[in-house]
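Pasting target21.csv here (CSV, C-alpha atoms and all ligand atoms):
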chain,number,residue,atom,x,y,z
A,36,MET,CA,-12.4,-29.4,-3.0
A,37,SER,CA,-9.1,-29.0,-1.3
A,38,MET,CA,-8.3,-26.1,1.0
A,39,ARG,CA,-7.3,-22.8,-0.8
A,40,THR,CA,-3.8,-21.9,0.0
A,41,LEU,CA,-2.8,-18.2,-0.6
A,42,LEU,CA,0.8,-17.2,-1.2
A,43,VAL,CA,0.7,-13.6,0.2
A,44,THR,CA,3.8,-11.7,-0.9
A,45,GLY,CA,5.0,-8.7,1.1
A,46,ALA,CA,2.9,-10.1,4.0
A,47,ALA,CA,5.1,-8.4,6.7
A,48,GLY,CA,4.5,-4.9,5.3
A,49,PHE,CA,1.8,-2.4,6.0
A,50,ILE,CA,-1.1,-3.6,3.8
A,51,GLY,CA,0.0,-7.3,3.5
A,52,SER,CA,0.0,-7.7,7.3
A,53,ASN,CA,-3.4,-6.0,7.6
A,54,PHE,CA,-4.7,-8.3,4.9
A,55,VAL,CA,-3.5,-11.5,6.7
A,56,ARG,CA,-4.8,-10.1,10.0
A,57,MET,CA,-8.3,-9.5,8.5
A,58,LEU,CA,-8.6,-13.0,7.0
A,59,ALA,CA,-7.4,-14.6,10.3
A,60,ARG,CA,-9.9,-12.5,12.3
A,61,ARG,CA,-12.7,-13.3,10.0
A,62,ARG,CA,-11.8,-17.0,10.1
A,63,GLU,CA,-11.8,-17.2,6.3
A,64,PRO,CA,-11.3,-20.9,5.3
A,65,VAL,CA,-7.9,-20.4,3.7
A,66,ARG,CA,-4.3,-21.3,4.5
A,67,ILE,CA,-1.8,-18.5,4.2
A,68,ILE,CA,1.8,-18.6,3.3
A,69,ALA,CA,3.1,-15.2,4.3
A,70,LEU,CA,6.2,-14.6,2.2
A,71,ASP,CA,8.5,-11.5,2.8
A,72,LYS,CA,12.1,-10.6,2.2
A,73,LEU,CA,12.0,-8.4,5.3
A,74,THR,CA,13.5,-5.3,3.7
A,75,TYR,CA,13.7,-2.1,5.8
A,76,ALA,CA,9.9,-1.9,5.4
A,77,GLY,CA,9.1,-5.5,6.3
A,78,ASN,CA,8.7,-6.3,10.0
A,79,LEU,CA,7.9,-9.7,11.4
A,80,ALA,CA,6.4,-8.0,14.5
A,81,ASN,CA,3.5,-7.1,12.2
A,82,LEU,CA,2.6,-10.8,11.9
A,83,ALA,CA,4.1,-12.4,15.0
A,84,ASP,CA,0.8,-12.9,16.8
A,85,LEU,CA,-0.9,-14.4,13.8
A,86,LEU,CA,1.6,-17.3,13.1
A,87,GLY,CA,0.2,-20.7,13.7
A,88,ASP,CA,-1.9,-23.4,12.0
A,89,GLN,CA,-3.5,-21.0,9.5
A,90,VAL,CA,-0.5,-18.7,8.8
A,91,THR,CA,3.0,-19.8,8.0
A,92,PHE,CA,5.8,-17.3,7.5
A,93,VAL,CA,8.6,-17.8,4.9
A,94,ARG,CA,11.4,-15.3,4.5
A,95,GLY,CA,12.3,-15.0,0.9
A,96,ASP,CA,12.8,-12.7,-2.2
A,97,ILE,CA,10.1,-12.8,-4.9
A,98,CYS,CA,13.0,-12.6,-7.5
A,99,ASN,CA,14.2,-16.0,-6.4
A,100,ALA,CA,12.3,-18.4,-8.8
A,101,GLU,CA,13.8,-21.6,-7.2
A,102,LEU,CA,12.7,-20.6,-3.7
A,103,LEU,CA,9.2,-19.7,-4.9
A,104,ASP,CA,8.8,-23.0,-6.7
A,105,HIS,CA,9.9,-24.9,-3.6
A,106,VAL,CA,7.4,-22.9,-1.5
A,107,ALA,CA,4.6,-23.4,-4.0
A,108,SER,CA,5.2,-27.2,-4.1
A,109,GLU,CA,5.8,-27.7,-0.4
A,110,TYR,CA,2.7,-25.9,0.7
A,111,ARG,CA,0.5,-26.6,-2.4
A,112,VAL,CA,-0.1,-23.0,-3.1
A,113,SER,CA,-3.3,-22.4,-5.2
A,114,GLU,CA,-3.4,-18.6,-5.4
A,115,VAL,CA,-1.1,-15.6,-5.3
A,116,VAL,CA,-2.0,-12.3,-3.7
A,117,HIS,CA,1.0,-10.1,-4.6
A,118,PHE,CA,1.7,-7.1,-2.3
A,119,ALA,CA,5.5,-7.2,-2.2
A,120,ALA,CA,7.0,-4.0,-3.6
A,121,GLU,CA,9.4,-1.2,-2.9
A,122,SER,CA,6.6,1.3,-2.0
A,123,HIS,CA,8.0,4.7,-1.2
A,124,VAL,CA,8.0,7.4,-3.9
A,125,ASP,CA,10.8,9.5,-2.2
A,126,ARG,CA,13.1,6.5,-1.9
A,127,SER,CA,12.5,5.8,-5.7
A,128,ILE,CA,13.8,9.3,-6.3
A,129,LEU,CA,16.9,8.7,-4.3
A,130,GLY,CA,17.6,5.4,-6.2
A,131,SER,CA,15.3,3.5,-8.6
A,132,GLY,CA,17.3,0.2,-8.9
A,133,PRO,CA,15.5,-1.8,-6.2
A,134,PHE,CA,12.2,-0.6,-7.5
A,135,VAL,CA,12.7,-2.0,-11.0
A,136,THR,CA,14.2,-5.3,-9.5
A,137,THR,CA,11.4,-6.0,-7.1
A,138,ASN,CA,8.4,-4.3,-8.7
A,139,VAL,CA,9.0,-5.4,-12.3
A,140,ILE,CA,11.3,-8.4,-12.3
A,141,GLY,CA,9.9,-9.8,-9.1
A,142,THR,CA,6.4,-9.6,-10.5
A,143,GLN,CA,7.5,-11.3,-13.7
A,144,VAL,CA,9.1,-14.2,-11.7
A,145,LEU,CA,5.9,-14.6,-9.7
A,146,LEU,CA,3.8,-14.6,-12.9
A,147,ASP,CA,6.0,-17.4,-14.3
A,148,LEU,CA,5.5,-19.3,-11.1
A,149,ALA,CA,1.7,-19.0,-11.5
A,150,LYS,CA,1.9,-19.9,-15.2
A,151,ASN,CA,4.2,-23.0,-14.8
A,152,ARG,CA,2.2,-24.3,-11.8
A,153,LYS,CA,-1.2,-23.5,-13.4
A,154,LEU,CA,-2.3,-21.7,-10.2
A,155,ASP,CA,-6.0,-20.9,-9.8
A,156,LYS,CA,-5.7,-17.1,-9.4
A,157,PHE,CA,-3.1,-14.3,-9.3
A,158,LEU,CA,-4.0,-10.9,-7.8
A,159,TYR,CA,-1.7,-7.9,-8.4
A,160,VAL,CA,-2.0,-5.1,-5.9
A,161,SER,CA,-1.3,-2.1,-8.1
A,162,THR,CA,-1.8,1.6,-7.3
A,163,ASP,CA,-3.7,4.6,-8.6
A,164,GLU,CA,-0.3,6.3,-9.2
A,165,VAL,CA,0.1,4.3,-12.4
A,166,TYR,CA,-2.4,6.8,-14.0
A,167,GLY,CA,-0.2,9.8,-13.3
A,168,THR,CA,-1.7,13.0,-12.2
A,169,LEU,CA,-5.0,14.9,-12.5
A,170,PRO,CA,-5.7,18.7,-12.8
A,171,GLU,CA,-6.9,20.3,-9.6
A,172,ASP,CA,-9.3,22.7,-11.3
A,173,GLN,CA,-11.5,20.0,-12.7
A,174,PRO,CA,-12.9,18.2,-9.6
A,175,ASP,CA,-15.2,16.0,-11.7
A,176,VAL,CA,-12.4,14.3,-13.5
A,177,LYS,CA,-11.2,11.1,-11.8
A,178,PHE,CA,-9.2,8.1,-12.8
A,179,THR,CA,-11.3,5.3,-14.3
A,180,GLU,CA,-9.9,1.9,-15.3
A,181,GLU,CA,-9.8,3.3,-18.9
A,182,THR,CA,-7.5,6.1,-18.0
A,183,PRO,CA,-4.2,5.6,-19.8
A,184,LEU,CA,-1.2,4.6,-17.6
A,185,GLN,CA,1.1,7.6,-17.4
A,186,PRO,CA,3.3,7.1,-14.4
A,187,ASN,CA,5.5,10.0,-13.3
A,188,SER,CA,7.8,8.7,-10.6
A,189,PRO,CA,10.3,5.8,-10.8
A,190,TYR,CA,8.0,4.1,-8.2
A,191,SER,CA,4.9,4.4,-10.2
A,192,ALA,CA,6.7,3.5,-13.4
A,193,SER,CA,7.9,0.3,-11.9
A,194,LYS,CA,4.4,-0.5,-10.5
A,195,ALA,CA,3.0,0.2,-14.0
A,196,GLY,CA,5.7,-2.2,-15.4
A,197,GLY,CA,4.3,-4.9,-13.2
A,198,ASP,CA,0.7,-4.0,-14.0
A,199,CYS,CA,1.4,-4.3,-17.8
A,200,LEU,CA,3.1,-7.6,-17.3
A,201,VAL,CA,0.1,-9.0,-15.4
A,202,ARG,CA,-2.1,-7.8,-18.3
A,203,SER,CA,0.1,-9.4,-20.8
A,204,TYR,CA,0.0,-12.8,-19.1
A,205,PHE,CA,-3.8,-12.7,-19.3
A,206,HIS,CA,-3.8,-11.9,-23.0
A,207,THR,CA,-0.9,-14.2,-24.0
A,208,PHE,CA,-1.2,-17.2,-21.6
A,209,HIS,CA,-4.8,-16.8,-20.3
A,210,LEU,CA,-3.4,-16.7,-16.8
A,211,PRO,CA,-6.3,-16.0,-14.4
A,212,VAL,CA,-5.2,-12.6,-13.2
A,213,LEU,CA,-6.9,-9.8,-11.3
A,214,THR,CA,-5.6,-6.3,-10.7
A,215,THR,CA,-6.6,-3.7,-8.1
A,216,ARG,CA,-5.5,0.0,-8.3
A,217,CYS,CA,-6.0,1.6,-4.9
A,218,SER,CA,-5.6,5.1,-3.6
A,219,ASN,CA,-3.6,6.2,-0.5
A,220,ASN,CA,-4.0,3.9,2.5
A,221,TYR,CA,-3.7,4.8,6.2
A,222,GLY,CA,-4.1,2.8,9.4
A,223,PRO,CA,-2.2,0.6,11.9
A,224,TYR,CA,1.3,-0.8,11.0
A,225,HIS,CA,1.9,2.0,8.4
A,226,PHE,CA,5.6,2.6,8.1
A,227,PRO,CA,6.6,6.0,9.5
A,228,GLU,CA,8.2,7.3,6.3
A,229,LYS,CA,4.7,7.9,4.7
A,230,LEU,CA,2.8,11.2,5.3
A,231,ILE,CA,0.3,10.2,8.0
A,232,PRO,CA,2.4,8.0,10.3
A,233,LEU,CA,5.5,10.3,9.8
A,234,PHE,CA,3.5,13.3,11.0
A,235,VAL,CA,1.8,11.5,13.8
A,236,THR,CA,5.0,10.0,15.2
A,237,ASN,CA,7.0,13.2,14.7
A,238,LEU,CA,4.4,15.1,16.7
A,239,MET,CA,4.5,12.4,19.4
A,240,GLU,CA,8.3,13.1,19.6
A,241,ASP,CA,7.5,16.8,19.7
A,242,LYS,CA,9.3,17.3,16.3
A,243,GLN,CA,8.1,19.4,13.4
A,244,VAL,CA,6.4,17.9,10.3
A,245,PRO,CA,7.8,18.6,6.8
A,246,LEU,CA,5.1,19.6,4.3
A,247,TYR,CA,6.2,19.5,0.7
A,248,GLY,CA,5.8,22.5,-1.6
A,249,ASP,CA,2.6,24.5,-1.0
A,250,GLY,CA,0.9,21.6,0.8
A,251,LYS,CA,-2.0,21.6,-1.7
A,252,ASN,CA,-1.4,18.3,-3.4
A,253,VAL,CA,-4.5,16.1,-3.2
A,254,ARG,CA,-4.8,12.4,-2.3
A,255,ASP,CA,-7.8,10.2,-1.9
A,256,TRP,CA,-7.4,8.5,1.6
A,257,LEU,CA,-8.8,5.0,2.3
A,258,TYR,CA,-8.6,3.1,5.6
A,259,VAL,CA,-6.4,0.1,5.1
A,260,GLU,CA,-9.1,-2.4,6.2
A,261,ASP,CA,-11.3,-1.2,3.4
A,262,HIS,CA,-8.5,-1.8,0.9
A,263,CYS,CA,-8.0,-5.3,2.3
A,264,ASP,CA,-11.7,-6.0,2.1
A,265,ALA,CA,-11.7,-4.8,-1.5
A,266,ILE,CA,-8.8,-7.1,-2.4
A,267,TRP,CA,-10.6,-10.1,-0.8
A,268,THR,CA,-13.8,-9.2,-2.7
A,269,VAL,CA,-12.0,-8.9,-6.0
A,270,LEU,CA,-10.2,-12.2,-5.4
A,271,ASN,CA,-13.5,-13.9,-5.0
A,272,LYS,CA,-15.9,-12.0,-7.3
A,273,GLY,CA,-13.6,-10.3,-9.8
A,274,LYS,CA,-13.5,-11.2,-13.5
A,275,PHE,CA,-10.2,-12.5,-14.8
A,276,GLY,CA,-8.2,-10.1,-16.9
A,277,GLU,CA,-9.9,-7.0,-15.3
A,278,ALA,CA,-8.5,-4.2,-13.3
A,279,TYR,CA,-10.6,-2.6,-10.5
A,280,ASN,CA,-10.1,0.9,-9.0
A,281,VAL,CA,-10.4,1.1,-5.2
A,282,GLY,CA,-10.9,4.4,-3.5
A,283,GLY,CA,-12.3,6.1,-0.5
A,284,ASN,CA,-14.2,8.9,-2.2
A,285,ASN,CA,-12.3,11.1,0.3
A,286,GLU,CA,-10.1,13.7,-1.5
A,287,MET,CA,-8.0,15.9,0.8
A,288,THR,CA,-5.1,18.2,0.5
A,289,ASN,CA,-2.0,17.5,2.5
A,290,ARG,CA,-2.7,20.8,4.4
A,291,GLN,CA,-6.1,19.5,5.4
A,292,ILE,CA,-4.7,16.2,6.6
A,293,THR,CA,-2.0,18.1,8.6
A,294,GLU,CA,-4.6,20.3,10.2
A,295,ILE,CA,-6.7,17.4,11.3
A,296,ILE,CA,-3.7,15.6,12.8
A,297,LEU,CA,-2.4,18.7,14.6
A,298,ARG,CA,-5.9,19.4,16.0
A,299,GLU,CA,-6.2,15.8,17.2
A,300,MET,CA,-2.8,15.9,18.8
A,301,GLY,CA,-3.2,19.4,20.3
A,302,LYS,CA,-0.3,21.0,18.5
A,303,PRO,CA,-0.3,24.5,17.0
A,304,TRP,CA,0.3,24.9,13.2
A,305,ASP,CA,2.9,27.7,13.4
A,306,LYS,CA,5.2,25.9,15.8
A,307,TYR,CA,5.0,22.5,14.2
A,308,VAL,CA,4.6,22.8,10.4
A,309,ARG,CA,7.8,23.4,8.4
A,310,TYR,CA,7.2,23.9,4.6
A,311,VAL,CA,10.1,22.2,2.8
A,312,GLN,CA,11.3,21.9,-0.8
A,313,ASP,CA,8.8,20.0,-2.9
A,314,ARG,CA,9.2,16.4,-4.1
A,315,PRO,CA,10.6,16.4,-7.6
A,316,GLY,CA,7.8,15.4,-10.1
A,317,HIS,CA,5.2,15.6,-7.3
A,318,ASP,CA,1.8,14.5,-8.7
A,319,ARG,CA,-0.7,17.2,-8.0
A,320,ARG,CA,-3.9,15.2,-7.5
A,321,TYR,CA,-5.2,11.7,-7.4
A,322,ALA,CA,-8.9,10.9,-7.4
A,323,ILE,CA,-10.5,7.5,-8.0
A,324,ASP,CA,-13.7,6.6,-9.7
A,325,ALA,CA,-14.5,3.3,-7.9
A,326,SER,CA,-17.9,2.7,-9.5
A,327,LYS,CA,-16.8,-0.4,-11.4
A,328,ILE,CA,-15.9,-2.4,-8.2
A,329,LYS,CA,-19.2,-1.4,-6.7
A,330,ARG,CA,-21.2,-2.3,-9.7
A,331,GLU,CA,-19.5,-5.6,-10.5
A,332,CYS,CA,-18.4,-6.9,-7.1
A,333,GLY,CA,-20.7,-5.0,-4.6
A,334,TRP,CA,-17.8,-3.4,-2.7
A,335,GLU,CA,-17.8,0.0,-1.2
A,336,PRO,CA,-15.8,1.6,1.7
A,337,LYS,CA,-17.2,1.2,5.2
A,338,PHE,CA,-14.9,3.4,7.3
A,339,ARG,CA,-15.1,7.2,7.4
A,340,PHE,CA,-12.1,9.4,7.7
A,341,PRO,CA,-13.0,11.4,10.8
A,342,GLU,CA,-13.3,8.3,12.9
A,343,ALA,CA,-10.7,6.1,11.3
A,344,ILE,CA,-7.9,8.8,11.6
A,345,LYS,CA,-8.6,8.9,15.3
A,346,THR,CA,-8.4,5.1,15.5
A,347,THR,CA,-5.1,5.3,13.6
A,348,ILE,CA,-3.6,8.0,15.8
A,349,GLN,CA,-4.7,6.0,18.9
A,350,TRP,CA,-2.9,3.0,17.5
A,351,TYR,CA,0.4,4.9,17.3
A,352,ARG,CA,-0.2,6.1,20.9
A,353,ASP,CA,-0.8,2.5,22.1
A,354,ASN,CA,2.1,1.1,20.1
A,355,GLU,CA,5.0,3.4,20.7
A,356,SER,CA,7.6,0.7,21.0
A,357,TRP,CA,6.6,-0.6,17.5
A,358,TRP,CA,7.5,2.7,15.8
A,359,ARG,CA,10.3,3.8,18.1
A,360,GLN,CA,12.2,0.6,17.1
A,361,ILE,CA,11.7,1.5,13.4
A,362,LYS,CA,12.8,5.2,13.9
A,363,SER,CA,16.4,4.3,14.7
A,364,GLY,CA,19.5,3.1,12.8
A,365,GLU,CA,18.9,3.0,9.0
A,366,TYR,CA,15.8,5.1,9.4
A,367,LEU,CA,17.7,8.0,10.9
A,368,LYS,CA,20.2,8.0,8.0
A,369,TYR,CA,17.3,8.0,5.5
A,370,TYR,CA,15.6,10.8,7.4
A,371,ASP,CA,18.7,12.9,7.3
A,372,THR,CA,19.3,12.3,3.6
A,373,GLN,CA,15.6,13.0,2.7
A,374,TYR,CA,15.0,16.0,5.0
A,375,GLY,CA,18.4,17.2,6.2
A,376,GLY,CA,19.0,19.5,3.2
A,377,ARG,CA,15.4,20.7,2.6
A,401,LIG,P1,5.3,-1.7,2.5
A,401,LIG,O1,6.5,-1.0,2.0
A,401,LIG,O2,4.8,-1.4,3.8
A,401,LIG,O3,5.5,-3.3,2.4
A,401,LIG,C1,6.1,-3.9,1.3
A,401,LIG,C2,6.5,-5.3,1.8
A,401,LIG,O4,7.2,-6.0,0.7
A,401,LIG,C3,7.6,-5.2,2.9
A,401,LIG,O5,7.2,-6.1,4.0
A,401,LIG,C4,8.9,-5.7,2.2
A,401,LIG,O6,9.8,-6.3,3.1
A,401,LIG,C5,8.3,-6.6,1.2
A,401,LIG,N1,9.3,-6.8,0.0
A,401,LIG,C6,9.9,-5.8,-0.6
A,401,LIG,N2,10.7,-6.3,-1.6
A,401,LIG,C7,10.5,-7.6,-1.6
A,401,LIG,C8,11.0,-8.7,-2.3
A,401,LIG,N3,11.9,-8.5,-3.3
A,401,LIG,N4,10.6,-10.0,-2.0
A,401,LIG,C9,9.8,-10.2,-1.0
A,401,LIG,N5,9.3,-9.2,-0.2
A,401,LIG,C10,9.6,-7.9,-0.5
A,401,LIG,O7,4.2,-1.4,1.4
A,401,LIG,P2,2.6,-1.3,1.5
A,401,LIG,O8,2.2,0.1,1.7
A,401,LIG,O9,2.1,-2.3,2.4
A,401,LIG,O10,2.2,-1.6,0.0
A,401,LIG,C11,1.9,-2.9,-0.4
A,401,LIG,C12,1.5,-3.0,-1.8
A,401,LIG,O11,0.3,-2.1,-2.0
A,401,LIG,C13,2.5,-2.5,-2.8
A,401,LIG,O12,2.5,-3.3,-3.9
A,401,LIG,C14,2.1,-1.0,-3.1
A,401,LIG,O13,2.5,-0.7,-4.4
A,401,LIG,C15,0.6,-1.2,-3.1
A,401,LIG,N6,-0.2,0.0,-2.7
A,401,LIG,C16,0.1,0.7,-1.6
A,401,LIG,C17,-0.7,1.8,-1.3
A,401,LIG,C18,-0.4,2.6,0.0
A,401,LIG,O14,-1.1,3.7,0.2
A,401,LIG,N7,0.5,2.2,0.9
A,401,LIG,C19,-1.7,2.2,-2.1
A,401,LIG,C20,-2.0,1.5,-3.3
A,401,LIG,C21,-1.2,0.4,-3.6
A,402,LIG,O1,7.3,14.3,4.4
A,402,LIG,C1,6.3,14.3,3.6
A,402,LIG,N1,5.7,15.5,3.3
A,402,LIG,C2,4.7,15.6,2.4
A,402,LIG,O2,4.2,16.7,2.2
A,402,LIG,C3,5.9,13.1,2.9
A,402,LIG,C4,6.5,11.8,3.2
A,402,LIG,C5,4.8,13.2,2.0
A,402,LIG,N2,4.3,14.4,1.7
A,402,LIG,C6,3.2,14.6,0.7
A,402,LIG,C7,3.5,13.9,-0.6
A,402,LIG,C8,2.2,13.4,-1.1
A,402,LIG,O3,1.5,14.5,-1.7
A,402,LIG,O4,2.1,13.8,1.2
A,402,LIG,C9,1.4,13.1,0.2
A,402,LIG,C10,1.5,11.6,0.5
A,402,LIG,O5,2.8,11.2,0.4
A,402,LIG,P1,3.2,9.6,0.7
A,402,LIG,O6,2.7,9.3,2.1
A,402,LIG,O7,4.7,9.5,0.5
A,402,LIG,O8,2.3,8.9,-0.3
A,402,LIG,P2,2.2,8.9,-1.9
A,402,LIG,O9,3.4,9.5,-2.5
A,402,LIG,O10,0.9,9.6,-2.3
A,402,LIG,O11,2.1,7.4,-2.3
A,402,LIG,C11,1.3,6.4,-1.5
A,402,LIG,O12,0.1,6.2,-2.1
A,402,LIG,C12,0.1,5.4,-3.2
A,402,LIG,C13,2.1,5.1,-1.2
A,402,LIG,O13,3.3,5.4,-0.6
A,402,LIG,C14,2.3,4.3,-2.4
A,402,LIG,O14,2.9,3.1,-2.1
A,402,LIG,C15,0.9,4.1,-3.0
A,402,LIG,O15,1.0,3.4,-4.3
Could I get this file's structure written as structure tokens?
Amino acid sequence: MSMRTLLVTGAAGFIGSNFVRMLARRREPVRIIALDKLTYAGNLANLADLLGDQVTFVRGDICNAELLDHVASEYRVSEVVHFAAESHVDRSILGSGPFVTTNVIGTQVLLDLAKNRKLDKFLYVSTDEVYGTLPEDQPDVKFTEETPLQPNSPYSASKAGGDCLVRSYFHTFHLPVLTTRCSNNYGPYHFPEKLIPLFVTNLMEDKQVPLYGDGKNVRDWLYVEDHCDAIWTVLNKGKFGEAYNVGGNNEMTNRQITEIILREMGKPWDKYVRYVQDRPGHDRRYAIDASKIKRECGWEPKFRFPEAIKTTIQWYRDNESWWRQIKSGEYLKYYDTQYGGR
């Protein structure tokens, strides 16, 4: 059997780069073509130390069918692991165009590549946000794979668009697809526009942290390496045409997260927390029932929040130049647009 060659899209982003790093560290017997457009969120520094015999970087847009076909033929790609996306809910509220282009059309172009080239597998990295929101007064209710897709933000709607297209290529063309729907990730290389890295780096800069609304929205937080391990597990053990929820069984309010970060960084609440105007359409609660992936693939999370959040904060302490380079230029304009008027 010839060597498996994975086309990993969005490989210079947060989760994609952690996925490539994990496979390289474990010496998994696969070649990796790391494709990324290097948007504002993509950063070659996330991959730089991994490039070599096993990992090849290609700069490119997943909407470019010709380029993808060339890459697939040149490197004999056998499988696709599709991370590339516009991923930030707040940016999708400021403007949804790039979300539809990359998350819907880009996914369709990649699906056609897999169909035309008869690739062995196609894994779509979806999100729990496609399910919409849960009530906070019924803690036993969680998202299962049977929960209807009811996305509430332009980001989650575009991810649901990709998710539905993937499903349709299984039913219509028998494409060997797999879908994972994961909850909120945290860990190294997380872009500092998202809650945890934004708050950690703001505090390192001795700035306040902007908490939306009443701060009681609930997310289920999973360490990024657990997510990457779940994706690899589903790629190898999942059943084609199926979706698998991935979660940390670790629901927390944004206030709780903020308290933990403040305590770890030795900053008092009253001086550093600024309540700001809520995110429009802000989903109240996400919670994942991840029993299917455990039952069918034997996966469950290994990292625990109290330790993994410390590891994460320490990573931002040790890698100040990484985030300081990001928090300049375009980022400052975004920060001002997003938080200036709140
Ligand atoms: P990210 O924004 O850090 O990375 C996305 C990467 O995709 C970037 O490197 C960017 O340059 C690249 N990209 C964007 N548009 C592209 C295009 N048209 N062509 C090629 N590359 C392009 O996002 P992330 O947090 O690493 O998320 C990765 C995937 O996981 C996304 O599909 C996201 O929906 C999903 N997901 C994320 C989370 C989370 O908590 N971060 C949870 C569940 C699912
Ligand atoms: O400044 C902030 N203040 C604040 O209170 C930011 C950026 C966020 N929040 C709140 C909003 C959410 O309730 O924190 C929570 C987490 O927000 P984000 O980090 O923006 O993540 P979320 O909107 O939950 O989406 C994330 O998880 C699912 C990822 O960004 C998505 O790509 C993934 O699909």
Review point. If you count all atoms listed in the file, which residues fall within 6 Å of A:Val253, apart from same-chain ones fewer than 2 positions away, as an MDAnalysis selection string?
Key: chainID A and resid 287:288 320
Check your understanding: How many Å lie between atom CA of A:Tyr166 and atom CA of A:Pro183, rounded to one decimal?
Key -> 6.2 Å
Review point. Nearest to A:Asp264 among A:Pro211, A:Gly333, A:Pro64, A:Gly250, with distances taken over all atoms listed in the file: which residue is it?
Key: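 Among A:Pro211, A:Gly333, A:Pro64, A:Gly250, it is A:Gly333 that comes nearest to A:Asp264.
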Practice item. Please extract the residues at most 6 Å from ligand LIG 402 (chain A), counting only C-alpha atoms and all ligand atoms, and provide them as a list of chain:residue names, using the chain letters and residue numbers of this document. Key: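 So the residues close to ligand LIG 402 (chain A) are A:Ser122, A:His123, A:Val124, A:Thr162, A:Glu164, A:Ser218, A:Asn219, A:Glu228, A:Lys229, A:Leu230, A:Pro245, A:Leu246, A:Tyr247, A:Asn252, A:Asn289.
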Check your understanding: When the cut-off is 8 Å and you count all atoms listed in the file, which residues lie near ligand LIG 401 (chain A), shown as a ChimeraX atom specification?
Key -> /A:44-52,70-78,94-98,117-123,136-138,141,159-164,194,216-221,225-226
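Counting from atom CA of A:Arg61, the distance to atom CA of A:Leu79 is 21.0 Å.
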Exercise for review: Could you tell me how far atom CA of A:Lys251 lies from atom CA of A:Arg290, in Å and to one decimal?
Suggested key: 6.2 Å
Residue neighbourhood A:Glu355, 12 Å, all atoms listed in the file, exclusion window fewer than 3 positions, as a JSON list (two decimals) with C-alpha atoms, keeping the file's coordinate frame:
[["chain", "number", "residue", "atom", "x", "y", "z"],
["A", 223, "PRO", "CA", -2.20, 0.60, 11.90],
["A", 224, "TYR", "CA", 1.30, -0.80, 11.00],
["A", 227, "PRO", "CA", 6.60, 6.00, 9.50],
["A", 232, "PRO", "CA", 2.40, 8.00, 10.30],
["A", 235, "VAL", "CA", 1.80, 11.50, 13.80],
["A", 236, "THR", "CA", 5.00, 10.00, 15.20],
["A", 237, "ASN", "CA", 7.00, 13.20, 14.70],
["A", 239, "MET", "CA", 4.50, 12.40, 19.40],
["A", 240, "GLU", "CA", 8.30, 13.10, 19.60],
["A", 348, "ILE", "CA", -3.60, 8.00, 15.80],
["A", 349, "GLN", "CA", -4.70, 6.00, 18.90],
["A", 350, "TRP", "CA", -2.90, 3.00, 17.50],
["A", 351, "TYR", "CA", 0.40, 4.90, 17.30],
["A", 352, "ARG", "CA", -0.20, 6.10, 20.90],
["A", 358, "TRP", "CA", 7.50, 2.70, 15.80],
["A", 359, "ARG", "CA", 10.30, 3.80, 18.10],
["A", 360, "GLN", "CA", 12.20, 0.60, 17.10],
["A", 361, "ILE", "CA", 11.70, 1.50, 13.40],
["A", 362, "LYS", "CA", 12.80, 5.20, 13.90]]
**Study point:** Best match for closeness to A:Val308 among A:Leu270, A:Ala100, A:Ile296, A:Ile68, counting only C-alpha atoms
**Key:** A:Ile296
Check your understanding: Using only C-alpha atoms, which residues sit within 12 Å of A:Ala325 once same-chain residues fewer than 4 positions away are excluded, as an NGL selection string?
Key -> :A and (163 or 177-181 or 215-218 or 255 or 257 or 262 or 265 or 278-285 or 329-336)
Practice item. With a distance cut-off of 12 Å and only C-alpha atoms, select the neighbouring residues of A:Ser108, excluding the residue or stretch itself and same-chain residues fewer than 6 positions from it, and output the selection as a list in words. Key: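 Once the nearby chain positions are removed, what remains is Thr40, Leu42, Ile68, Glu101, Leu102, Leu148, Ala149, Asn151, Arg152, Lys153 and Leu154 of chain A.
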Point to revise | Contact residues around A:Asp125 with all atoms listed in the file at 10 Å, ignoring same-chain residues under 5 positions, as a list of chain:residue names | key: A:Gly130, A:Ser131, A:Ser188, A:Pro189, A:Tyr190, A:Glu228, A:Lys229, A:Arg314, A:Pro315, A:His317, A:Gln373
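If all atoms listed in the file are the atoms counted, then among A:Leu58, A:Leu297, A:Ala195, A:Ile266 the closest residue to A:Ile344 is A:Leu297.
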Point to revise | Within 7 Å of file point (-2.1, -8.0, -17.8), counting all atoms listed in the file, expressed as an MDAnalysis selection string | key: chainID A and resid 198:206 276
Take the structure in the block and write a file for stretch 239-243 of chain A, N, CA and C atoms, as an mmCIF file, in the first residue's frame.
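Produced file decode-v1.cif, reproduced below:
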data_model
loop_
_atom_site.group_PDB
_atom_site.id
_atom_site.type_symbol
_atom_site.label_atom_id
_atom_site.label_comp_id
_atom_site.auth_asym_id
_atom_site.auth_seq_id
_atom_site.Cartn_x
_atom_site.Cartn_y
_atom_site.Cartn_z
ATOM 1 N N MET A 239 -1.623 40.358 30.180
ATOM 2 C CA MET A 239 -0.160 40.474 30.109
ATOM 3 C C MET A 239 0.253 41.885 29.701
ATOM 4 N N GLU A 240 -0.613 42.563 28.941
ATOM 5 C CA GLU A 240 -0.341 43.953 28.544
ATOM 6 C C GLU A 240 -0.903 44.945 29.572
ATOM 7 N N ASP A 241 -1.400 44.406 30.682
ATOM 8 C CA ASP A 241 -2.017 45.206 31.735
ATOM 9 C C ASP A 241 -3.241 45.996 31.250
ATOM 10 N N LYS A 242 -3.986 45.378 30.292
ATOM 11 C CA LYS A 242 -5.216 46.005 29.794
ATOM 12 C C LYS A 242 -6.430 45.294 30.391
ATOM 13 N N GLN A 243 -7.590 45.963 30.292
ATOM 14 C CA GLN A 243 -8.831 45.345 30.761
ATOM 15 C C GLN A 243 -9.304 44.264 29.796
#
